[in-house]
Amino acid sequence: MTISTKMRDFAEKSSWIRKMFEEGAKMKAEHGAENVFDFSLGNPDVPPPSEYNKVIREIVKDETPGVHAYMPNGGYPWVREALAGKMSKEQGVNVFHGDMLMTCGAAGAINIVMKALLNPGEEVILLAPYFVEYNFYVDNHGGVSKVVQTDAEFNLDLAAIEAALTSKTKAVITNSPNNPTGQIYSQEALNELGALLDRKGAEFKTTIYLLADEPYRKIIFDDNVVGSVLQSTRNSIVLSSYSKDLSLPGERIGYLAVHPDITDKAALLNAITLANRILGFVNAPALMQRVVAELQDASVDNSIYQKRRETFCKILTDAGFDFIPPKGAFYVFPKSPIEDDVKFCAILQEEKILAVPGRGFGAPGYIRLAFCVDDAIIAGSADAFKRSMAKAKAL
């Protein structure tokens, strides 16, 4: 066997999202892209804000010697300074440039934190439904994922989280607005979670970190407000990227911020910075660091996603789906009308609809639909959803 047993097993269990994306490519080649309703991949299609094009054109003109050289592994200090100002407003806590690191996307941020925190066998709690790659990120660094379900409306279940905490628990990962549900955790709930982790950490004579993965923070609807984990506990870290709010997922530019009073701050920051180097990221892309420094107040046109959410929710309601309208992000997470979510995704596929089974997110019995697609795809799917529901009910 040329590859490791672990990677062979991972390949078999790997992301349902990618599996459906690959299936979609085949279907589009066979039937034409306009005839396939692909809601499988959270790949933002809304263009970056106009300021982005202006800024990047100016920055690429810079021919100063060393402009593309190596930098401090945590990123340009002046870029972190700009970002710290934004984070301070956003989180309601004074964050300084020394509390920040620039990273290769939010995925890079999570991996370097896992590398810095985990000893072999220590546990990280994932709140289901959760982003499908979290399991792999934890395993990358010798940790063990422990899945805890949220409540019926995908809010935090504090009792279930408390029951899962042990002396081996090193961190809890939150994701709000959530992929795949679109749920947003309230400030009150986050405060209760932070207090719980502080209390249990003291009881176990350890530190339990609260990690917030927040790439969808600016993709919110109505008057919803995203809570601040930095206000919830001093042992908190925010991890994020510009993939969604600037529509730059392929540029792999992200960041993290530790609470200014986090436990063992100097040692933690040193470990995270070292992990950035030895895991091969070295530093976040230099060009994109300089670009995003100028775009702290910019964001995509969120009204486009808001309109799509309204259109899509009506289509799903008319077809008879049971779901909670998302408060943020660009996903809907309906219940499957039959117990087997994989089988229902196959029924949808017969109608040229591509969805992702909920079991890939730790929530069997649901499906995820991404509405970061052209309006025509959403509108054109209405009859196909009705036919799929009729087929499922006829079983």
# chains A, B, ... in the order shown; residues from 1 in each chain; ligands from 1
>>> residues_around(residues="range 275-287 of chain A", least_positions_apart="2", cutoff="9 Å", atoms="only C-alpha atoms", output="PyMOL selection string")
chain A and resi 56+59-60+67-76+101-105+108-109+111-113+115-116+251-255+270-273+289-292
>>> select_by_dssp(residues="range 276-379 of chain A", states="helix (DSSP H, G or I)", output="PyMOL selection string")
chain A and resi 276-278+286-293+302-319+341-350+358-361+375-379
>>> residues_around(residues="Gln149 in chain A", least_positions_apart="3", cutoff="12 Å", atoms="only C-alpha atoms", output="number ranges by chain")
A: 125-130, 146, 152-164, 361-364
>>> residues_around(residues="Ser240 in chain A", least_positions_apart="2", cutoff="7 Å", atoms="only C-alpha atoms", output="mmCIF file with C-alpha atoms, in the first residue's frame")
data_model
loop_
_atom_site.group_PDB
_atom_site.id
_atom_site.type_symbol
_atom_site.label_atom_id
_atom_site.label_comp_id
_atom_site.auth_asym_id
_atom_site.auth_seq_id
_atom_site.Cartn_x
_atom_site.Cartn_y
_atom_site.Cartn_z
ATOM 1 C CA ALA A 106 -9.344 30.457 8.566
ATOM 2 C CA ASP A 213 -14.512 30.331 13.611
ATOM 3 C CA GLU A 214 -16.118 33.464 12.118
ATOM 4 C CA PRO A 215 -15.701 33.763 8.330
ATOM 5 C CA VAL A 238 -11.201 34.351 17.096
ATOM 6 C CA GLY A 254 -7.160 35.026 7.051
ATOM 7 C CA TYR A 255 -6.246 35.945 10.594
ATOM 8 C CA LEU A 256 -6.624 35.122 14.260
#
>>> closest_residue(among="A:Thr233, A:Gly320, A:Phe39, A:Thr181", to="Arg199 in chain A", atoms="only C-alpha atoms")
A:Thr233
>>> closest_residue(among="A:Ile184, A:Val36, A:Leu295, A:Val132", to="Val356 in chain A", atoms="only C-alpha atoms")
A:Val132
>>> closest_residue(among="A:Asn119, A:Ser388, A:Gln231, A:Gln187", to="Lys343 in chain A", atoms="only C-alpha atoms")
A:Ser388
>>> residues_around(residues="Ala171 in chain A", least_positions_apart="6", cutoff="8 Å", atoms="only C-alpha atoms", output="ChimeraX atom specification")
/A:123-125,208-211
>>> write_last_selection(atoms="C-alpha atoms", output="mmCIF file, in the first residue's frame")
data_model
loop_
_atom_site.group_PDB
_atom_site.id
_atom_site.type_symbol
_atom_site.label_atom_id
_atom_site.label_comp_id
_atom_site.auth_asym_id
_atom_site.auth_seq_id
_atom_site.Cartn_x
_atom_site.Cartn_y
_atom_site.Cartn_z
ATOM 1 C CA GLU A 123 -10.121 16.502 23.207
ATOM 2 C CA VAL A 124 -11.772 19.227 21.156
ATOM 3 C CA ILE A 125 -15.545 19.584 21.327
ATOM 4 C CA ILE A 208 -10.280 25.162 28.238
ATOM 5 C CA TYR A 209 -10.169 27.525 25.268
ATOM 6 C CA LEU A 210 -13.195 28.863 23.412
ATOM 7 C CA LEU A 211 -12.420 29.113 19.693
#
>>> select_by_dssp(residues="range 187-367 of chain A", states="strand (DSSP E)", output="list in words")
Tyr209, Leu210, Leu211, Ala212, Asp213, Ser236, Ile237, Val238, Leu239, Ser240, Ser241, Gly254, Tyr255, Leu256, Ala257, Val258, Tyr331, Val332, Ile353, Leu354, Val356, Pro357 and Ile367 of chain A
>>> atom_distance(atom1="CA of Asn175 in chain A", atom2="CA of Ala329 in chain A")
10.5 Å
>>> residues_around(residues="Phe330 in chain A", least_positions_apart="3", cutoff="9 Å", atoms="only C-alpha atoms", output="list in words")
Gly42, Pro44, Asn179, Pro180, Thr181, Gly182, Tyr216, Ile219, Ile220, Tyr305, Gln306, Arg308, Arg309, Pro326, Leu369, Ala370, Phe371 and Cys372 of chain A
>>> closest_residue(among="A:Ser228, A:Ser236, A:Thr206, A:Ser381", to="Met87 in chain A", atoms="only C-alpha atoms")
A:Ser228
>>> atom_distance(atom1="CA of Val332 in chain A", atom2="CA of Arg368 in chain A")
6.0 Å
>>> atom_distance(atom1="CA of Ser50 in chain A", atom2="CA of Ala82 in chain A")
19.8 Å
>>> residues_around(residues="Lys86 in chain A", least_positions_apart="6", cutoff="10 Å", atoms="only C-alpha atoms", output="ChimeraX atom specification")
/A:80,92,94-95,296-297
>>> write_last_selection(atoms="N, CA and C atoms", output="CSV table (one decimal), in the first residue's frame")
chain,number,residue,atom,x,y,z
A,80,ARG,N,-1.5,44.0,10.8
A,80,ARG,CA,-2.1,43.6,12.0
A,80,ARG,C,-2.6,44.7,12.9
A,92,GLY,N,-15.8,44.3,20.8
A,92,GLY,CA,-16.0,45.0,22.0
A,92,GLY,C,-14.9,44.8,23.1
A,94,ASN,N,-10.6,45.6,23.6
A,94,ASN,CA,-9.4,46.3,23.0
A,94,ASN,C,-8.3,45.2,22.6
A,95,VAL,N,-8.2,45.0,21.3
A,95,VAL,CA,-7.2,44.1,20.7
A,95,VAL,C,-6.1,44.9,20.1
A,296,GLN,N,-10.7,47.2,5.6
A,296,GLN,CA,-11.2,46.8,6.8
A,296,GLN,C,-12.7,47.1,7.0
A,297,ASP,N,-13.2,48.1,6.3
A,297,ASP,CA,-14.6,48.4,6.4
A,297,ASP,C,-15.4,48.0,5.2
